[in-house]
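Asks: What follows is the file work.txt, containing compact mmCIF, C-alpha atoms:
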# COMPACT_ATOMS: atom_id res chain seq x y z
CA ARG A 8 0.00 0.00 0.00
CA LYS A 9 2.85 2.36 0.82
CA ARG A 10 4.59 1.54 -2.46
CA GLU A 11 1.34 2.04 -4.39
CA ALA A 12 0.91 5.47 -2.83
CA ALA A 13 4.50 6.43 -3.69
CA ALA A 14 3.95 5.40 -7.31
CA GLN A 15 1.01 7.82 -7.41
CA GLY A 16 3.06 10.64 -5.96
CA GLN A 17 1.42 10.42 -2.54
CA ALA A 18 3.23 10.38 0.78
CA LEU A 19 2.00 7.56 2.99
CA ARG A 20 3.76 6.68 6.20
CA VAL A 21 3.28 3.57 8.32
CA PHE A 22 3.71 3.40 12.09
CA VAL A 23 3.41 0.37 14.35
CA ALA A 24 2.60 0.71 18.04
CA GLY A 25 1.49 -1.37 21.01
CA CYS A 26 2.13 -4.67 22.73
CA LEU A 27 3.52 -6.54 19.72
CA THR A 28 6.21 -3.95 19.07
CA GLN A 29 7.12 -3.83 22.75
CA ARG A 30 7.60 -7.59 22.90
CA TYR A 31 9.37 -8.02 19.52
CA ARG A 32 11.05 -4.64 19.15
CA ASP A 33 14.26 -5.82 17.46
CA GLU A 34 12.69 -8.55 15.30
CA LEU A 35 10.03 -6.23 13.85
CA ALA A 36 12.54 -3.49 13.06
CA ARG A 37 14.60 -6.00 11.07
CA GLU A 38 11.71 -7.71 9.30
CA LEU A 39 9.66 -4.61 8.45
CA PRO A 40 12.07 -2.08 6.93
CA GLU A 41 9.18 -0.25 5.23
CA VAL A 42 7.79 0.88 8.61
CA ASP A 43 8.55 4.53 9.38
CA GLY A 44 8.44 4.29 13.14
CA PHE A 45 7.80 2.08 16.15
CA LEU A 46 6.20 2.84 19.51
CA GLY A 47 5.70 0.52 22.48
CA VAL A 48 3.16 0.50 25.30
CA GLY A 49 2.46 3.37 27.67
CA ASP A 50 3.90 6.02 25.36
CA TYR A 51 0.75 7.47 23.80
CA GLU A 52 1.94 11.03 24.37
CA ARG A 53 5.01 10.35 22.19
CA LEU A 54 2.84 9.47 19.20
CA ALA A 55 2.95 13.06 17.88
CA GLN A 56 6.75 13.00 18.13
CA LEU A 57 6.79 9.75 16.16
CA VAL A 58 4.55 11.15 13.41
CA VAL A 59 6.55 14.37 13.09
CA HIS A 60 9.97 12.72 12.96
CA GLY A 61 9.11 9.39 11.33
CA GLN A 62 11.62 8.10 8.77
CA VAL A 63 14.33 10.71 9.19
CA GLY A 64 17.41 8.82 8.11
CA GLY A 65 15.73 5.50 8.90
CA ALA A 66 12.84 4.26 10.97
CA VAL A 67 12.33 6.05 14.27
CA ASN A 68 12.27 3.65 17.21
CA LEU A 69 10.76 5.14 20.36
CA ILE A 70 10.20 1.83 22.18
CA ARG A 71 11.44 1.98 25.77
CA GLU A 72 13.43 -1.03 26.91
CA LEU A 73 11.49 -1.27 30.19
CA PRO A 74 7.75 -0.88 29.55
CA ALA A 75 5.58 1.12 31.93
CA THR A 76 2.31 2.99 31.61
CA VAL A 77 2.43 6.01 33.88
CA VAL A 78 -0.62 8.30 33.96
CA ARG A 79 -0.23 11.56 35.86
CA ARG A 80 -3.11 13.66 34.53
CA PRO A 81 -6.59 13.15 33.07
CA THR A 82 -6.66 12.08 29.43
CA PRO A 83 -10.15 12.86 28.03
CA ARG A 84 -11.01 10.57 25.13
CA LEU A 85 -12.91 11.17 21.94
CA GLN A 86 -15.48 8.43 21.43
CA LEU A 87 -15.32 7.03 17.92
CA GLY A 88 -18.40 5.76 16.10
CA ALA A 89 -21.83 5.48 17.65
CA ARG A 90 -22.24 6.52 21.27
CA ARG A 91 -22.64 3.59 23.63
CA PRO A 92 -24.02 3.48 27.16
CA HIS A 93 -20.86 1.88 28.58
CA GLY A 94 -17.28 3.06 28.79
CA TYR A 95 -14.03 1.57 30.09
CA LEU A 96 -12.15 3.23 32.92
CA LYS A 97 -8.60 1.86 33.04
CA ILE A 98 -7.55 2.07 36.67
CA ALA A 99 -4.10 0.49 36.31
CA ASP A 100 -1.79 -1.07 33.75
CA GLY A 101 0.83 -3.77 34.09
CA CYS A 102 0.96 -6.86 36.29
CA ASN A 103 3.03 -8.04 39.26
CA HIS A 104 2.10 -11.70 38.79
CA ASN A 105 4.16 -14.27 36.89
CA CYS A 106 1.61 -16.79 35.66
CA THR A 107 3.39 -19.36 33.50
CA PHE A 108 0.84 -19.17 30.66
CA CYS A 109 0.87 -15.37 30.35
CA ALA A 110 3.24 -13.00 28.54
CA ILE A 111 1.62 -9.75 29.68
CA PRO A 112 4.15 -8.77 32.41
CA GLY A 113 6.94 -9.03 29.84
CA PHE A 114 5.54 -6.29 27.63
CA LYS A 115 3.41 -4.34 30.10
CA GLY A 116 5.76 -4.09 33.05
CA ARG A 117 4.79 -3.92 36.71
CA VAL A 118 1.53 -2.48 38.01
CA ARG A 119 1.19 1.29 37.70
CA SER A 120 -2.06 2.53 39.23
CA VAL A 121 -3.77 5.65 37.92
CA PRO A 122 -4.08 8.25 40.71
CA ARG A 123 -7.51 8.60 42.30
CA ASP A 124 -8.04 12.24 41.25
CA VAL A 125 -7.22 11.41 37.64
CA LEU A 126 -9.73 8.53 37.61
CA LEU A 127 -12.47 10.68 39.13
CA ALA A 128 -11.87 13.35 36.48
CA GLU A 129 -11.98 10.76 33.68
CA ALA A 130 -15.14 9.23 35.15
CA ARG A 131 -16.84 12.63 35.23
CA HIS A 132 -15.83 13.19 31.60
CA LEU A 133 -17.24 9.82 30.51
CA LEU A 134 -20.51 10.43 32.38
CA ALA A 135 -20.81 13.87 30.79
CA GLN A 136 -20.49 12.18 27.38
CA GLY A 137 -23.52 10.01 28.13
CA VAL A 138 -21.83 6.88 29.50
CA ARG A 139 -24.10 5.12 32.00
CA GLU A 140 -21.98 2.11 32.88
CA LEU A 141 -18.38 2.53 33.98
CA CYS A 142 -16.42 -0.71 33.49
CA LEU A 143 -13.29 -0.72 35.64
CA VAL A 144 -10.43 -2.60 33.98
CA ALA A 145 -6.81 -3.53 34.67
CA GLN A 146 -4.74 -6.68 34.42
CA ASP A 147 -5.73 -7.21 38.07
CA THR A 148 -8.15 -4.64 39.49
CA SER A 149 -7.70 -6.07 43.01
CA ASP A 150 -4.10 -4.74 42.96
CA TYR A 151 -5.24 -1.17 42.46
CA GLY A 152 -3.49 1.42 44.62
CA LYS A 153 -0.89 -0.85 46.21
CA ASP A 154 1.84 1.15 44.46
CA LEU A 155 0.43 4.58 45.42
CA ASP A 156 0.76 6.36 48.78
CA GLY A 157 1.64 3.18 50.60
CA GLY A 158 -1.60 1.52 49.51
CA ARG A 159 -3.74 4.02 51.44
CA ILE A 160 -6.34 4.15 48.65
CA GLY A 161 -7.24 0.66 47.43
CA ILE A 162 -9.96 -0.72 45.20
CA ALA A 163 -12.65 -0.54 47.90
CA GLU A 164 -11.95 3.14 48.55
CA LEU A 165 -11.87 3.90 44.82
CA LEU A 166 -15.25 2.19 44.31
CA ALA A 167 -16.73 4.26 47.13
CA ASP A 168 -15.37 7.48 45.61
CA LEU A 169 -16.73 6.65 42.15
CA ALA A 170 -20.12 5.66 43.55
CA ALA A 171 -20.32 9.03 45.30
CA LEU A 172 -20.21 10.91 41.97
CA PRO A 173 -23.57 12.51 41.13
CA GLY A 174 -25.76 11.04 38.41
CA ASP A 175 -27.63 7.91 37.42
CA PHE A 176 -25.03 5.30 36.40
CA TRP A 177 -23.61 1.86 37.18
CA ILE A 178 -20.11 0.65 38.04
CA ARG A 179 -18.94 -2.81 36.94
CA LEU A 180 -15.75 -4.42 38.24
CA LEU A 181 -13.77 -6.62 35.83
CA TYR A 182 -10.65 -8.84 36.16
CA PHE A 183 -10.67 -9.09 39.95
CA TYR A 184 -8.41 -11.76 41.44
CA PRO A 185 -9.83 -13.81 44.36
CA GLY A 186 -6.91 -13.04 46.66
CA GLY A 187 -8.08 -9.42 46.81
CA VAL A 188 -11.53 -10.11 48.23
CA SER A 189 -11.72 -8.19 51.50
CA ASP A 190 -14.47 -7.28 53.94
CA ALA A 191 -14.12 -3.65 52.80
CA LEU A 192 -14.76 -4.68 49.17
CA ILE A 193 -17.83 -6.73 50.11
CA ASP A 194 -19.19 -3.90 52.26
CA VAL A 195 -18.86 -1.22 49.58
CA MET A 196 -20.36 -3.45 46.87
CA ALA A 197 -23.26 -4.43 49.10
CA SER A 198 -23.98 -0.90 50.29
CA SER A 199 -23.94 1.01 47.00
CA PRO A 200 -26.80 0.60 44.50
CA LYS A 201 -24.51 2.07 41.83
CA ILE A 202 -22.12 -0.88 41.96
CA VAL A 203 -23.42 -3.79 39.89
CA PRO A 204 -23.59 -7.04 41.93
CA TYR A 205 -21.24 -8.70 39.48
CA LEU A 206 -17.63 -9.82 39.75
CA ASP A 207 -15.40 -10.96 36.90
CA MET A 208 -12.98 -13.30 38.67
CA PRO A 209 -10.51 -15.22 36.47
CA LEU A 210 -9.86 -18.47 38.37
CA GLN A 211 -8.21 -20.47 35.52
CA HIS A 212 -8.31 -23.72 37.55
CA LEU A 213 -9.33 -25.13 40.94
CA HIS A 214 -6.88 -27.96 41.57
CA PRO A 215 -4.00 -26.83 43.83
CA GLU A 216 -1.36 -28.73 41.85
CA ILE A 217 -2.32 -27.07 38.56
CA LEU A 218 -2.64 -23.66 40.19
CA ARG A 219 0.90 -24.04 41.57
CA ARG A 220 2.23 -24.99 38.14
CA MET A 221 0.40 -22.02 36.69
CA LYS A 222 2.01 -19.86 39.41
CA ARG A 223 -1.36 -18.31 40.10
CA PRO A 224 -1.27 -15.69 42.87
CA HIS A 225 -4.33 -17.20 44.62
CA VAL A 226 -2.93 -20.73 44.93
CA GLY A 227 -3.40 -20.60 48.71
CA VAL A 228 -6.90 -19.08 48.59
CA ASN A 229 -9.88 -21.31 49.38
CA ILE A 230 -12.11 -20.46 46.42
CA GLY A 231 -15.20 -22.13 47.89
CA ARG A 232 -15.01 -20.13 51.12
CA THR A 233 -14.26 -16.95 49.18
CA LEU A 234 -17.39 -17.39 47.05
CA GLU A 235 -19.42 -18.16 50.19
CA ARG A 236 -18.21 -14.92 51.79
CA LEU A 237 -19.11 -12.97 48.68
CA ARG A 238 -22.59 -14.44 48.30
CA ARG A 239 -23.28 -14.09 52.01
CA GLY A 240 -22.45 -10.39 51.85
CA ILE A 241 -23.92 -9.78 48.37
CA PRO A 242 -26.76 -12.37 48.00
CA ASP A 243 -27.61 -11.59 44.36
CA LEU A 244 -23.99 -11.47 43.20
CA ALA A 245 -23.24 -12.86 39.72
CA ILE A 246 -19.82 -14.40 39.13
CA ARG A 247 -18.15 -14.56 35.74
CA THR A 248 -14.96 -16.58 35.39
CA THR A 249 -12.65 -18.36 32.97
CA PHE A 250 -10.89 -21.73 33.18
CA LEU A 251 -7.99 -23.22 31.24
CA VAL A 252 -8.29 -26.91 30.43
CA GLY A 253 -5.51 -28.99 28.92
CA PHE A 254 -2.79 -27.09 30.75
CA PRO A 255 0.54 -28.98 30.45
CA THR A 256 0.73 -31.82 33.04
CA GLU A 257 -3.05 -31.69 33.67
CA GLU A 258 -4.41 -35.20 34.10
CA ARG A 259 -7.95 -36.53 34.10
CA ARG A 260 -8.08 -36.37 37.90
CA HIS A 261 -7.22 -32.67 37.79
CA PHE A 262 -9.95 -32.04 35.24
CA ASP A 263 -12.51 -34.04 37.23
CA TYR A 264 -11.63 -31.97 40.32
CA LEU A 265 -12.19 -28.80 38.31
CA LEU A 266 -15.48 -30.09 36.92
CA ALA A 267 -16.78 -31.04 40.36
CA GLY A 268 -15.83 -27.61 41.66
CA VAL A 269 -17.67 -25.86 38.84
CA LYS A 270 -20.77 -27.94 39.51
CA ALA A 271 -20.59 -27.13 43.23
For this file, produce the structure as structure tokens.
Replies:
Amino acid sequence: RKREAAAQGQALRVFVAGCLTQRYRDELARELPEVDGFLGVGDYERLAQLVVHGQVGGAVNLIRELPATVVRRPTPRLQLGARRPHGYLKIADGCNHNCTFCAIPGFKGRVRSVPRDVLLAEARHLLAQGVRELCLVAQDTSDYGKDLDGGRIGIAELLADLAALPGDFWIRLLYFYPGGVSDALIDVMASSPKIVPYLDMPLQHLHPEILRRMKRPHVGVNIGRTLERLRRGIPDLAIRTTFLVGFPTEERRHFDYLLAGVKA
């Protein structure tokens, strides 16, 4: 496409950005010489610099060796396409876990939480645009705030602050690891009508041996008791989860254990 444009006397430049470039920075630069510039993760503000200086004596490579997404101020977004009643509020980026099946920490870096005041400003902006359901997302939303101010403001406090914003809207919590379930979380979810009684909790497996081989952070958490605590505090709670079957070394007995747990 770039060559076709050049043949017609048009200037077309190609830039590649995101997770793939962060993970394969050197390989892509070698294999795609026609690309004018590369950008990794967490560097959205450098996009203008990339566009302005792209292909000046060769492809411009602005990929940082150590990835990190650091947000220090509100970043209002322009909604593309049709307006929708839901919007995503990214409360953190990166992951401190080392699950053996996941490559995310390698190209996202460690958890960097978005400061509370920034999130409240972004939430107000989304609500003013007509969003009526705020979906909180991160690689692990239960880790929110542990890297800020000594963990003084965690996910429970953030939920309470968001629920206190004026207006008629819902809050939905996604990607919440079971090890982060606290009494404070249950209390704030149960007490606020703005927080949807729904928890997206990626369990991946239930057998302790497989969880250990997966290096899951909740290997020592009793999932059954955790779900009992949640449903006791939030009786109409809906749980969404995901499981991996066929994980290397998984035997029939491991799968049967998982199946029995799901049925229970």
Asks: Smallest atom-to-atom distance to Leu251 (chain A): which of A:Gly94, A:Phe45, A:Leu265, A:Ala191, using all atoms listed in the file?
Replies: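 Once distances to Leu251 (chain A) are computed over all atoms listed in the file, the minimum belongs to A:Leu265.
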Asks: Can you pull out the residues contacting Arg236 (chain A)? Cut-off 10 Å, using all atoms listed in the file, and skip same-chain residues under 6 positions away; I want them as a count of residues only.
Replies: 6
Asks: CA of Asp33 (chain A) and CA of Ala145 (chain A), how far apart in Å?
Replies: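 Calculated distance between CA of Ala145 (chain A) and CA of Asp33 (chain A) is 27.3 Å.
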Asks: Taking into account all atoms listed in the file, which residue in the set A:Asn68, A:Thr76, A:Ser199, A:Gln56 is nearest to Leu172 (chain A)?
Replies: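 Among the listed residues, A:Ser199 lies closest to Leu172 (chain A).
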Asks: Nearest to Phe183 (chain A) among A:Val125, A:Gly240, A:Ala167, A:Thr248, with distances taken over all atoms listed in the file: which residue is it?
Replies: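 Smallest separation from Phe183 (chain A) among the options: A:Thr248.
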Asks: Quick one, how far is CA of Leu19 (chain A) from CA of Glu38 (chain A)?
Replies: 19.2 Å
Asks: Counting only C-alpha atoms, which residue out of A:Arg159, A:Arg232, A:His212, A:Arg239 sits closest to Phe254 (chain A)?
Replies: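 Closest candidate: A:His212.
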Asks: Which residues of region 217-245 of chain A come within 7 Å of region 98-108 of chain A, and what is each one's closest atom pair and distance in Å (one decimal), counting only C-alpha atoms, sorted by chain and residue number, as a tab-separated table?
Replies:
residue	atom	partner	partner_atom	distance
A:Met221	CA	A:Thr107	CA	5.1
A:Lys222	CA	A:Cys106	CA	4.9
A:Arg223	CA	A:Cys106	CA	5.6
A:Pro224	CA	A:His104	CA	6.6
Asks: Just how far from CA of Pro40 (chain A) is CA of Leu69 (chain A), in Å to one decimal?
Replies: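 Answer for the CA of Leu69 (chain A) to CA of Pro40 (chain A) separation: 15.3 Å.
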Asks: Would you pick out the contacts of Ile70 (chain A) at 8 Å or less, using only C-alpha atoms, so that residues sharing its chain but fewer than 4 positions from it are not included, and give the list as a list of chain:residue names?
Replies: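 That gives A:Thr28, A:Gln29, A:Arg32, A:Phe45, A:Leu46, A:Gly47, A:Val48.
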Asks: Let me make sure I understand: among A:Ala271, A:Leu134, A:Ile160, A:Ile111, which one has the smallest atom-to-atom distance to Arg91 (chain A) if we use all atoms listed in the file?
Replies: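 Among the listed residues, A:Leu134 lies closest to Arg91 (chain A).
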Asks: Could you check the closest approach to Asn229 (chain A) for each of A:Pro255, A:Pro200, A:Pro122, A:Gly268 and tell me which residue wins, using only C-alpha atoms?
Replies: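 Selected residue with least distance to Asn229 (chain A): A:Gly268.
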Asks: Need the shell around Leu127 (chain A): protein/DNA/RNA residues with any atom at most 9 Å away, counting all atoms listed in the file. Skip same-chain ones fewer than 5 positions apart. Format as JSON, numbers by chain?
Replies: {"A": [81, 122, 132, 165, 168, 169, 172]}
Asks: Could you give me, as a PyMOL selection string, the residues within 6 Å of His93 (chain A), counting all atoms listed in the file and dropping anything in the same chain fewer than 6 positions from it?
Replies: chain A and resi 138-141
Asks: Need the shell around Glu41 (chain A): protein/DNA/RNA residues with any atom at most 9 Å away, counting all atoms listed in the file. Skip same-chain ones fewer than 3 positions apart. Format as a compact mmCIF listing (two decimals) with C-alpha atoms, in the frame of the given file?
Replies:
# COMPACT_ATOMS: atom_id res chain seq x y z
CA LYS A 9 2.85 2.36 0.82
CA ARG A 20 3.76 6.68 6.20
CA VAL A 21 3.28 3.57 8.32
CA GLU A 38 11.71 -7.71 9.30
CA ALA A 66 12.84 4.26 10.97
Asks: Around all of region 209-215 of chain A's listed atoms, make the axis-aligned box with 4 Å on each side and tell me centre and edge lengths in Å to one decimal, as JSON.
Replies:
{"center_x": -7.3, "center_y": -21.6, "center_z": 39.7, "size_x": 14.5, "size_y": 20.7, "size_z": 16.3}
Asks: Return region 21-55 of chain A, completed with N, CA and C atoms, as a PDB file, in the frame of the given file.
Replies:
ATOM      1  N   VAL A  21       3.825   4.678   7.529  1.00  0.00           N
ATOM      2  CA  VAL A  21       3.280   3.570   8.320  1.00  0.00           C
ATOM      3  C   VAL A  21       3.983   3.533   9.677  1.00  0.00           C
ATOM      4  N   PHE A  22       3.176   3.503  10.739  1.00  0.00           N
ATOM      5  CA  PHE A  22       3.710   3.400  12.090  1.00  0.00           C
ATOM      6  C   PHE A  22       3.095   2.186  12.780  1.00  0.00           C
ATOM      7  N   VAL A  23       3.880   1.539  13.614  1.00  0.00           N
ATOM      8  CA  VAL A  23       3.410   0.370  14.350  1.00  0.00           C
ATOM      9  C   VAL A  23       3.599   0.643  15.834  1.00  0.00           C
ATOM     10  N   ALA A  24       2.532   0.411  16.614  1.00  0.00           N
ATOM     11  CA  ALA A  24       2.600   0.710  18.040  1.00  0.00           C
ATOM     12  C   ALA A  24       1.864  -0.347  18.846  1.00  0.00           C
ATOM     13  N   GLY A  25       2.247  -0.492  20.117  1.00  0.00           N
ATOM     14  CA  GLY A  25       1.490  -1.370  21.010  1.00  0.00           C
ATOM     15  C   GLY A  25       2.290  -2.524  21.573  1.00  0.00           C
ATOM     16  N   CYS A  26       1.532  -3.534  22.012  1.00  0.00           N
ATOM     17  CA  CYS A  26       2.130  -4.670  22.730  1.00  0.00           C
ATOM     18  C   CYS A  26       3.079  -5.487  21.860  1.00  0.00           C
ATOM     19  N   LEU A  27       2.699  -5.701  20.598  1.00  0.00           N
ATOM     20  CA  LEU A  27       3.520  -6.540  19.720  1.00  0.00           C
ATOM     21  C   LEU A  27       4.896  -5.914  19.508  1.00  0.00           C
ATOM     22  N   THR A  28       4.918  -4.614  19.281  1.00  0.00           N
ATOM     23  CA  THR A  28       6.210  -3.950  19.070  1.00  0.00           C
ATOM     24  C   THR A  28       7.042  -3.945  20.352  1.00  0.00           C
ATOM     25  N   GLN A  29       6.390  -3.816  21.488  1.00  0.00           N
ATOM     26  CA  GLN A  29       7.120  -3.830  22.750  1.00  0.00           C
ATOM     27  C   GLN A  29       7.788  -5.186  22.984  1.00  0.00           C
ATOM     28  N   ARG A  30       7.078  -6.247  22.650  1.00  0.00           N
ATOM     29  CA  ARG A  30       7.600  -7.590  22.900  1.00  0.00           C
ATOM     30  C   ARG A  30       8.649  -8.005  21.860  1.00  0.00           C
ATOM     31  N   TYR A  31       8.463  -7.588  20.591  1.00  0.00           N
ATOM     32  CA  TYR A  31       9.370  -8.020  19.520  1.00  0.00           C
ATOM     33  C   TYR A  31      10.016  -6.813  18.853  1.00  0.00           C
ATOM     34  N   ARG A  32      10.538  -5.918  19.655  1.00  0.00           N
ATOM     35  CA  ARG A  32      11.050  -4.640  19.150  1.00  0.00           C
ATOM     36  C   ARG A  32      12.159  -4.820  18.110  1.00  0.00           C
ATOM     37  N   ASP A  33      13.133  -5.660  18.378  1.00  0.00           N
ATOM     38  CA  ASP A  33      14.260  -5.820  17.460  1.00  0.00           C
ATOM     39  C   ASP A  33      13.872  -6.630  16.218  1.00  0.00           C
ATOM     40  N   GLU A  34      13.088  -7.702  16.426  1.00  0.00           N
ATOM     41  CA  GLU A  34      12.690  -8.550  15.300  1.00  0.00           C
ATOM     42  C   GLU A  34      11.856  -7.770  14.282  1.00  0.00           C
ATOM     43  N   LEU A  35      10.901  -6.973  14.768  1.00  0.00           N
ATOM     44  CA  LEU A  35      10.030  -6.230  13.850  1.00  0.00           C
ATOM     45  C   LEU A  35      10.806  -5.172  13.081  1.00  0.00           C
ATOM     46  N   ALA A  36      11.738  -4.509  13.737  1.00  0.00           N
ATOM     47  CA  ALA A  36      12.540  -3.490  13.060  1.00  0.00           C
ATOM     48  C   ALA A  36      13.346  -4.094  11.917  1.00  0.00           C
ATOM     49  N   ARG A  37      13.832  -5.334  12.122  1.00  0.00           N
ATOM     50  CA  ARG A  37      14.600  -6.000  11.070  1.00  0.00           C
ATOM     51  C   ARG A  37      13.702  -6.500   9.939  1.00  0.00           C
ATOM     52  N   GLU A  38      12.558  -7.051  10.295  1.00  0.00           N
ATOM     53  CA  GLU A  38      11.710  -7.710   9.300  1.00  0.00           C
ATOM     54  C   GLU A  38      10.774  -6.762   8.565  1.00  0.00           C
ATOM     55  N   LEU A  39      10.585  -5.562   9.087  1.00  0.00           N
ATOM     56  CA  LEU A  39       9.660  -4.610   8.450  1.00  0.00           C
ATOM     57  C   LEU A  39      10.372  -3.299   8.155  1.00  0.00           C
ATOM     58  N   PRO A  40      11.310  -3.296   7.213  1.00  0.00           N
ATOM     59  CA  PRO A  40      12.070  -2.080   6.930  1.00  0.00           C
ATOM     60  C   PRO A  40      11.218  -0.949   6.351  1.00  0.00           C
ATOM     61  N   GLU A  41      10.032  -1.288   5.820  1.00  0.00           N
ATOM     62  CA  GLU A  41       9.180  -0.250   5.230  1.00  0.00           C
ATOM     63  C   GLU A  41       8.433   0.566   6.280  1.00  0.00           C
ATOM     64  N   VAL A  42       8.459   0.131   7.544  1.00  0.00           N
ATOM     65  CA  VAL A  42       7.790   0.880   8.610  1.00  0.00           C
ATOM     66  C   VAL A  42       8.593   2.128   8.943  1.00  0.00           C
ATOM     67  N   ASP A  43       7.889   3.244   9.119  1.00  0.00           N
ATOM     68  CA  ASP A  43       8.550   4.530   9.380  1.00  0.00           C
ATOM     69  C   ASP A  43       8.879   4.752  10.847  1.00  0.00           C
ATOM     70  N   GLY A  44       8.157   4.071  11.735  1.00  0.00           N
ATOM     71  CA  GLY A  44       8.440   4.290  13.140  1.00  0.00           C
ATOM     72  C   GLY A  44       7.746   3.285  14.032  1.00  0.00           C
ATOM     73  N   PHE A  45       8.340   3.050  15.200  1.00  0.00           N
ATOM     74  CA  PHE A  45       7.800   2.080  16.150  1.00  0.00           C
ATOM     75  C   PHE A  45       7.599   2.747  17.515  1.00  0.00           C
ATOM     76  N   LEU A  46       6.523   2.333  18.178  1.00  0.00           N
ATOM     77  CA  LEU A  46       6.200   2.840  19.510  1.00  0.00           C
ATOM     78  C   LEU A  46       5.708   1.667  20.342  1.00  0.00           C
ATOM     79  N   GLY A  47       6.106   1.623  21.621  1.00  0.00           N
ATOM     80  CA  GLY A  47       5.700   0.520  22.480  1.00  0.00           C
ATOM     81  C   GLY A  47       4.446   0.823  23.271  1.00  0.00           C
ATOM     82  N   VAL A  48       4.337   0.268  24.463  1.00  0.00           N
ATOM     83  CA  VAL A  48       3.160   0.500  25.300  1.00  0.00           C
ATOM     84  C   VAL A  48       3.426   1.645  26.271  1.00  0.00           C
ATOM     85  N   GLY A  49       2.351   2.319  26.670  1.00  0.00           N
ATOM     86  CA  GLY A  49       2.460   3.370  27.670  1.00  0.00           C
ATOM     87  C   GLY A  49       3.096   4.650  27.193  1.00  0.00           C
ATOM     88  N   ASP A  50       3.243   4.815  25.889  1.00  0.00           N
ATOM     89  CA  ASP A  50       3.900   6.020  25.360  1.00  0.00           C
ATOM     90  C   ASP A  50       2.998   6.783  24.397  1.00  0.00           C
ATOM     91  N   TYR A  51       1.700   6.840  24.717  1.00  0.00           N
ATOM     92  CA  TYR A  51       0.750   7.470  23.800  1.00  0.00           C
ATOM     93  C   TYR A  51       1.094   8.932  23.525  1.00  0.00           C
ATOM     94  N   GLU A  52       1.636   9.608  24.537  1.00  0.00           N
ATOM     95  CA  GLU A  52       1.940  11.030  24.370  1.00  0.00           C
ATOM     96  C   GLU A  52       3.115  11.260  23.419  1.00  0.00           C
ATOM     97  N   ARG A  53       3.874  10.214  23.111  1.00  0.00           N
ATOM     98  CA  ARG A  53       5.010  10.350  22.190  1.00  0.00           C
ATOM     99  C   ARG A  53       4.595  10.063  20.743  1.00  0.00           C
ATOM    100  N   LEU A  54       3.305   9.791  20.542  1.00  0.00           N
ATOM    101  CA  LEU A  54       2.840   9.470  19.200  1.00  0.00           C
ATOM    102  C   LEU A  54       3.049  10.655  18.245  1.00  0.00           C
ATOM    103  N   ALA A  55       2.753  11.874  18.725  1.00  0.00           N
ATOM    104  CA  ALA A  55       2.950  13.060  17.880  1.00  0.00           C
ATOM    105  C   ALA A  55       4.406  13.201  17.480  1.00  0.00           C
TER     106      ALA A  55
END
